[in-house]
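Visitor: Following this message is one structure expressed as structure tokens.
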Amino acid sequence: MRKRQEQARDRALLAAYPSMEDLGAMRDRQMAELQVQIDKNYERMMALHEELQAAQAQANTYPTGRAPEMVKQRIARLASEILAEDALVKSRIREQELIRTRFAEDAERLEYLLIKQAEANRRAT
């Protein structure tokens, strides 16, 4: 059963990527898509940080601990949103690492399969 799974995986790999260039192009495309998302998250974080600074400046115009509840809630919400964006960035960076690892493994296997396929084609002719 394991052998059949490996053969099916090999066939799928060869069908999806007829060349090493095709594999590299797919990896690059997936990495670029994630990078666009990461860049958007960073932009959002910067905007939220600016809003947070403005809210903190507003809170500082009041005596310590006397800022209106609305201002305190805004500060808390903005800080929470920044943390959420940061978590998304970290998650996407981990996803990029997984993509690199998976494609490196696939590249190694595909290179072997392509060499094997080329040898079989040479013997057949």
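Following the order of the structure tokens, first chain is A, next is B, and so on, with residues numbered from 1 inside each chain and ligands from 1 in the order they appear.
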Mind checking which residues fall within 6 Å of range 81-85 of chain A, counting only C-alpha atoms, ignoring those fewer than 2 positions away in the same chain, and posting them as a ChimeraX atom specification?
Guide: /A:41,45,78-79,87-88
Visitor: Would you export the selected residues with N, CA and C atoms as a PDB file, in the first residue's frame, please?
Guide:
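Contents of out_38.pdb, freshly written:
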ATOM      1  N   ASN A  41      -0.660  43.064   5.780  1.00  0.00           N
ATOM      2  CA  ASN A  41      -0.749  43.003   7.240  1.00  0.00           C
ATOM      3  C   ASN A  41       0.158  44.046   7.885  1.00  0.00           C
ATOM      4  N   MET A  45      -0.904  47.102  10.216  1.00  0.00           N
ATOM      5  CA  MET A  45      -0.307  47.272  11.539  1.00  0.00           C
ATOM      6  C   MET A  45       0.220  48.697  11.718  1.00  0.00           C
ATOM      7  N   LEU A  78      -7.462  48.884  19.633  1.00  0.00           N
ATOM      8  CA  LEU A  78      -6.366  49.053  18.676  1.00  0.00           C
ATOM      9  C   LEU A  78      -5.178  48.146  19.027  1.00  0.00           C
ATOM     10  N   ALA A  79      -4.863  48.060  20.295  1.00  0.00           N
ATOM     11  CA  ALA A  79      -3.767  47.179  20.727  1.00  0.00           C
ATOM     12  C   ALA A  79      -4.089  45.731  20.384  1.00  0.00           C
ATOM     13  N   ALA A  87      -0.022  38.342  14.734  1.00  0.00           N
ATOM     14  CA  ALA A  87      -0.201  36.881  14.720  1.00  0.00           C
ATOM     15  C   ALA A  87      -0.401  36.371  13.293  1.00  0.00           C
ATOM     16  N   LEU A  88      -1.142  37.115  12.489  1.00  0.00           N
ATOM     17  CA  LEU A  88      -1.339  36.735  11.083  1.00  0.00           C
ATOM     18  C   LEU A  88      -0.013  36.746  10.324  1.00  0.00           C
TER      19      LEU A  88
END
Visitor: Please provide the set of residues having any atom within 9 Å of range 97-109 of chain A, restricted to only C-alpha atoms, with same-chain residues fewer than 3 positions apart removed, written as a list in words.
Guide: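 Near neighbours after the sequence-gap exclusion: Asp10, Leu13, Met20, Leu23, Gly24, Arg27, Gln30, Met31, Arg92, Ile93, Arg94, Tyr112, Leu113 and Leu114 of chain A.
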Visitor: May I ask for the distance between CA of Gln117 in chain A and CA of Asp22 in chain A, given in Å to one decimal place?
Guide: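 Straight-line distance from CA of Gln117 in chain A to CA of Asp22 in chain A works out to 16.4 Å.
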Visitor: Extract, using only C-alpha atoms, all DNA, RNA and protein residues at most 7 Å from range 33-40 of chain A, discarding same-chain residues fewer than 4 positions from it, and format them as a compact mmCIF listing (two decimals) with N, CA, C and O atoms, in the first residue's frame.
Guide:
# COMPACT_ATOMS: atom_id res chain seq x y z
N ARG A 29 5.28 31.56 -7.10
CA ARG A 29 3.94 32.15 -7.14
C ARG A 29 3.30 32.08 -5.75
O ARG A 29 2.74 33.06 -5.25
N ARG A 44 -1.38 47.46 7.48
CA ARG A 44 -2.49 47.60 8.45
C ARG A 44 -1.94 47.83 9.86
O ARG A 44 -2.46 48.67 10.60
N VAL A 89 0.79 37.77 10.55
CA VAL A 89 2.09 37.86 9.88
C VAL A 89 2.95 36.65 10.27
O VAL A 89 3.53 35.99 9.40
N ARG A 92 1.74 33.53 8.56
CA ARG A 92 2.05 33.51 7.13
C ARG A 92 3.54 33.28 6.90
O ARG A 92 3.92 32.63 5.92
